[in-house]
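Below you'll find the structure, written out as structure tokens, and then a few comments.
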Amino acid sequence: MAEAAEHLDVIIVGAGLSGIGAGYHLQTKCPTKSYLILEGRDCIGGTWDLFRYPGIRSDTDMFTLGYSFKPWTDPKAIADGPQILNYVRETAAENGIEKHIRFRHRVKRASWSTPDARWTIEAERISGEGATELVCFICNFLFLCSGYYKYEAGYTPEFKGAADFAGRIVHPQKWTEDIDYAGKRVVVIGSGATAVTLVPELAKKAAQVTMLQRSPTYVVSRPAQDPVANKIRRNLPTRLAYHVIRWRNVMWGMFFFQLSRRRPAKVKELVLKGVQMALGPDYDVATHFTPRYNPWDQRLCLVPDGDLFKAIREQRASVVTSEIDTFTRDGIRLKDGSELAADIIVTATGLVLQVVGGLDVSVDGRAVDFANTLTYKGMMYADVPNMASAFGYTNASWTLKCDLTCEYVCRLINYMDRHNFRQCMPHNDDPEITAQPSLDFTSGYVQRSVAKMPKQGSKQPWRLYQNYALDIVSLRFGRIDDGVMRYS
């Protein structure tokens with residue numbers, strides 16, 4: 001006999017950085033609401049538990065990646081994966097969020113019924129032996145905090161001759177503890193955040209590490225510890241210091257992004273000058289570190305304390321910019337005919353983007369096609385009631401936007417309660433609104449999936465500005481009843 005469905009006010013999907021933040025905001029700002037967090041894996045942490053590759057760390061500072069309500073107190077501003085995972089788990093433990101989590105519950109479907117004003121959520125509950133059973137939950141509001149990429153597998157292109165390679169091929173998303181790279185020749189394919197993180201860490205033990213890239217990425221160095229931030233923390237109370245540093249970093253990030261948009265040639269010159277200084281006057285920066293695009297057309301890569309440049313200077317690591325012809329038994333043959341010997345090949349070739357955690361979503365029996373749906377304020381979807389998604393910034397820290405999204409969702413729920421509404425739904429009836437891609441990055445992982453992603457509109461509140469200051473005005477202080485959100 002099937003279990004009776006549990007009834008909750010809110011269901012949160014995902015117990016990673018944004019899911020734990022959502023739990024905190026909900027129980028703080030909507031204390032009368034019952035909620036559950038459904039997590040497909042068996043632990044808290046999301047990305048920061050899933051990724052186990054050497055050197056895993058943040059690529060933004062922790063004063064902005066940290067929660068607005070929990071000051072980051074470690075001296076390191078650029079933190080490693082285990083530190084971030086501990087921070088997320090500590091937040092859950094301190095605030096009693098753990099007791100609201102159901103682990104090994106992988107949400108598969110969500111169906112909205114307008115007459116009942118509720119979602120029916122179907123999840124696979126996974127037993128210790130790996131067997132699954134379907135369980136149902138019913139809620140009034142659904143909050144998706146399951147990230148933006150597929151956990152099951154990363155993106156690996158079809159490499160000719162891969163079956164011939166005698167060594168081991170591994171994607172960083174599938175890194176396991178039994179991979180022994182000490183004294184080995186390692187080739188890391190890729191030039192993004194994962195590759196520049198892996199290379200200096202692998203170079204500490206490997207015989208030789210080669211970063212093989214088809215084209216370069218902008219790489220900037222920052223101190224792992226922020227001396228100005230640490231001085232501020234010594235002289236101000238913890239919470240005040242955290243918010244001062246957070247705002248300083250937000251404003252600097254916004255300034256740098258706007259400068260990149262308005263004076264790309266100048267920013268390019270500054271970044272490349274920094275790389276040349278780090279690698280010396282004889283290094284071929286033009287070939288290996290000068291992208292074909294402008295700064296912030298893709299995310300910049302951050303290297304703490306210039307660790308990548310140090311490994312290259314000390315000849316423990318090298319960069320090769322070329323295209324792959326085929327894998328061979330002993331490594332990789334390039335299109336120019338040269339060969340790279342390898343014992344291990346790491347395919348740091350990107351993520352697979354996934355909309356709303358891969359859920360099947362339907363409204364009154366109609367399947368929602370998110371590829372043809374407008375996003376409202378970067379978090380809700382046109383004609384989809386009582387549902388929001390946490391999705392961070394592409395040009396700044398993930399958590400900055402997620403914190404604001406959580407605040408807005410709580411304001412929305414409280415507004416509905418005050419006016420006895422059961423349903424809220426963004427609806428566009430402005431014929432002048434045109435649909436545009438929601439992400440304007442040229443990165444491969446974005447371009448591969450952008451057609452499947454929801455669209456943004458040509459003006460507010462459908463437009464994504466990727467601007468924290470504008471979003472504070474809109475999400476923290478803007479009208480909840482704006483004429484676009486329909487209540488009933």
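Residues in the structure tokens are named by chain (A, B, ... in the order shown) and by number from 1 within that chain; ligands are numbered from 1 in the order shown.
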Item to complete: Determine, counting only C-alpha atoms, which protein, DNA and RNA residues have an atom within 9 Å of an atom of Arg246 (chain A); residues of the same chain fewer than 6 positions away are not included. Present the result as a PyMOL selection string.
Response: chain A and resi 62-64+68
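When the distance limit is 10 Å and only C-alpha atoms are what count, the residues near region 232-245 of chain A, minus those fewer than 6 positions from it on the same chain, are Phe63, Thr64, Gly66, Ser68, Phe69, Lys70, Pro71, Trp72, Thr73, Pro75, Asp226 and Met251 of chain A.
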Worksheet item: Quick one: of A:Thr290, A:Thr347, A:Thr132, A:Ser127, who's nearest to Phe159 (chain A), counting only C-alpha atoms?
Response: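 Among A:Thr290, A:Thr347, A:Thr132, A:Ser127, it is A:Thr347 that comes nearest to Phe159 (chain A).
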Item to complete: Name the closest residue to Gly274 (chain A) among the candidates A:Leu300, A:Cys30, A:Val220, A:Leu259; distances are taken between atoms, counting only C-alpha atoms.
Response: A:Val220
Write out as a PDB file with N, CA and C atoms, in the first residue's frame all residues of region 205-338 of chain A that backbone DSSP assigns to strand (DSSP E).
```
ATOM      1  N   GLN A 208      55.188  15.623 -14.354  1.00  0.00           N
ATOM      2  CA  GLN A 208      54.983  16.753 -15.246  1.00  0.00           C
ATOM      3  C   GLN A 208      53.487  16.915 -15.510  1.00  0.00           C
ATOM      4  N   VAL A 209      53.022  18.165 -15.521  1.00  0.00           N
ATOM      5  CA  VAL A 209      51.619  18.445 -15.819  1.00  0.00           C
ATOM      6  C   VAL A 209      51.557  19.401 -17.005  1.00  0.00           C
ATOM      7  N   THR A 210      50.744  19.023 -17.993  1.00  0.00           N
ATOM      8  CA  THR A 210      50.551  19.873 -19.170  1.00  0.00           C
ATOM      9  C   THR A 210      49.090  20.277 -19.246  1.00  0.00           C
ATOM     10  N   MET A 211      48.851  21.586 -19.344  1.00  0.00           N
ATOM     11  CA  MET A 211      47.492  22.084 -19.583  1.00  0.00           C
ATOM     12  C   MET A 211      47.344  22.256 -21.087  1.00  0.00           C
ATOM     13  N   LEU A 212      46.540  21.405 -21.676  1.00  0.00           N
ATOM     14  CA  LEU A 212      46.334  21.428 -23.124  1.00  0.00           C
ATOM     15  C   LEU A 212      45.028  22.159 -23.419  1.00  0.00           C
ATOM     16  N   GLN A 213      45.135  23.289 -24.111  1.00  0.00           N
ATOM     17  CA  GLN A 213      43.949  24.095 -24.381  1.00  0.00           C
ATOM     18  C   GLN A 213      43.819  24.376 -25.876  1.00  0.00           C
ATOM     19  N   VAL A 219      43.206  34.948 -17.201  1.00  0.00           N
ATOM     20  CA  VAL A 219      43.562  34.452 -15.870  1.00  0.00           C
ATOM     21  C   VAL A 219      44.108  35.616 -15.046  1.00  0.00           C
ATOM     22  N   VAL A 220      43.529  35.814 -13.865  1.00  0.00           N
ATOM     23  CA  VAL A 220      43.999  36.879 -12.975  1.00  0.00           C
ATOM     24  C   VAL A 220      44.393  36.280 -11.626  1.00  0.00           C
ATOM     25  N   SER A 221      45.399  36.866 -11.022  1.00  0.00           N
ATOM     26  CA  SER A 221      45.883  36.404  -9.718  1.00  0.00           C
ATOM     27  C   SER A 221      45.364  37.326  -8.618  1.00  0.00           C
ATOM     28  N   ARG A 222      44.963  36.700  -7.500  1.00  0.00           N
ATOM     29  CA  ARG A 222      44.587  37.462  -6.309  1.00  0.00           C
ATOM     30  C   ARG A 222      45.156  36.773  -5.087  1.00  0.00           C
ATOM     31  N   CYS A 301      39.204  33.549 -14.980  1.00  0.00           N
ATOM     32  CA  CYS A 301      39.706  32.517 -14.070  1.00  0.00           C
ATOM     33  C   CYS A 301      40.582  33.159 -13.006  1.00  0.00           C
ATOM     34  N   LEU A 302      40.365  32.748 -11.780  1.00  0.00           N
ATOM     35  CA  LEU A 302      41.097  33.294 -10.641  1.00  0.00           C
ATOM     36  C   LEU A 302      42.135  32.282 -10.164  1.00  0.00           C
ATOM     37  N   VAL A 303      43.373  32.742  -9.968  1.00  0.00           N
ATOM     38  CA  VAL A 303      44.397  31.856  -9.395  1.00  0.00           C
ATOM     39  C   VAL A 303      44.924  32.500  -8.108  1.00  0.00           C
ATOM     40  N   PRO A 304      44.680  31.878  -6.953  1.00  0.00           N
ATOM     41  CA  PRO A 304      45.107  32.472  -5.683  1.00  0.00           C
ATOM     42  C   PRO A 304      46.629  32.455  -5.548  1.00  0.00           C
ATOM     43  N   ALA A 317      54.873  22.654 -14.466  1.00  0.00           N
ATOM     44  CA  ALA A 317      53.694  22.621 -15.330  1.00  0.00           C
ATOM     45  C   ALA A 317      53.980  23.430 -16.591  1.00  0.00           C
ATOM     46  N   SER A 318      53.252  23.108 -17.658  1.00  0.00           N
ATOM     47  CA  SER A 318      53.410  23.856 -18.904  1.00  0.00           C
ATOM     48  C   SER A 318      52.047  23.987 -19.580  1.00  0.00           C
ATOM     49  N   VAL A 319      51.964  24.935 -20.503  1.00  0.00           N
ATOM     50  CA  VAL A 319      50.729  25.142 -21.253  1.00  0.00           C
ATOM     51  C   VAL A 319      51.012  24.892 -22.729  1.00  0.00           C
ATOM     52  N   VAL A 320      50.157  24.103 -23.366  1.00  0.00           N
ATOM     53  CA  VAL A 320      50.236  23.867 -24.805  1.00  0.00           C
ATOM     54  C   VAL A 320      48.910  24.325 -25.412  1.00  0.00           C
ATOM     55  N   THR A 321      48.986  25.197 -26.418  1.00  0.00           N
ATOM     56  CA  THR A 321      47.784  25.692 -27.081  1.00  0.00           C
ATOM     57  C   THR A 321      47.736  25.100 -28.484  1.00  0.00           C
ATOM     58  N   ILE A 324      43.538  18.840 -30.726  1.00  0.00           N
ATOM     59  CA  ILE A 324      43.817  17.408 -30.636  1.00  0.00           C
ATOM     60  C   ILE A 324      43.499  16.734 -31.962  1.00  0.00           C
ATOM     61  N   ASP A 325      44.427  15.897 -32.419  1.00  0.00           N
ATOM     62  CA  ASP A 325      44.146  15.047 -33.588  1.00  0.00           C
ATOM     63  C   ASP A 325      43.536  13.737 -33.099  1.00  0.00           C
ATOM     64  N   THR A 326      44.267  13.043 -32.222  1.00  0.00           N
ATOM     65  CA  THR A 326      43.775  11.754 -31.710  1.00  0.00           C
ATOM     66  C   THR A 326      44.485  11.387 -30.421  1.00  0.00           C
ATOM     67  N   PHE A 327      43.818  10.618 -29.580  1.00  0.00           N
ATOM     68  CA  PHE A 327      44.503   9.967 -28.466  1.00  0.00           C
ATOM     69  C   PHE A 327      45.304   8.804 -29.056  1.00  0.00           C
ATOM     70  N   GLY A 331      49.507   8.696 -25.157  1.00  0.00           N
ATOM     71  CA  GLY A 331      49.177  10.091 -24.870  1.00  0.00           C
ATOM     72  C   GLY A 331      48.258  10.697 -25.909  1.00  0.00           C
ATOM     73  N   ILE A 332      48.614  11.879 -26.373  1.00  0.00           N
ATOM     74  CA  ILE A 332      47.778  12.630 -27.309  1.00  0.00           C
ATOM     75  C   ILE A 332      48.625  13.142 -28.466  1.00  0.00           C
ATOM     76  N   ARG A 333      48.156  12.888 -29.690  1.00  0.00           N
ATOM     77  CA  ARG A 333      48.809  13.487 -30.853  1.00  0.00           C
ATOM     78  C   ARG A 333      48.027  14.728 -31.252  1.00  0.00           C
ATOM     79  N   LEU A 334      48.744  15.836 -31.470  1.00  0.00           N
ATOM     80  CA  LEU A 334      48.120  17.106 -31.820  1.00  0.00           C
ATOM     81  C   LEU A 334      48.068  17.282 -33.335  1.00  0.00           C
TER      82      LEU A 334
END
```
Fill in: Those in region 157-273 of chain A with helix (DSSP H, G or I) from DSSP, as a ChimeraX atom specification
/A:162-164,172-174,193-202,227-235,238-262,264-273
Item to complete: Kindly indicate which residue among A:Pro223, A:Gly19, A:Pro461, A:Gly306 lies nearest to Ala382 (chain A), using only C-alpha atoms for the distances.
Response: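 Ranking A:Pro223, A:Gly19, A:Pro461, A:Gly306 by distance to Ala382 (chain A), first place goes to A:Pro461.
When only C-alpha atoms are used to measure the gap to His171 (chain A), the shortest distance among A:Tyr149, A:Tyr53, A:Phe143, A:Phe103 belongs to A:Tyr53.
Of the residues under consideration (A:Lys76, A:Lys455, A:Arg292, A:Arg214), A:Lys76 shows the shortest atom-to-atom contact distance to Ala229 (chain A) when counting only C-alpha atoms.
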Worksheet item: Expressed in Å to a single decimal, how great is the separation between CA of Phe137 (chain A) and CA of Thr120 (chain A)?
Response: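 CA of Thr120 (chain A) lies 5.9 Å from CA of Phe137 (chain A).
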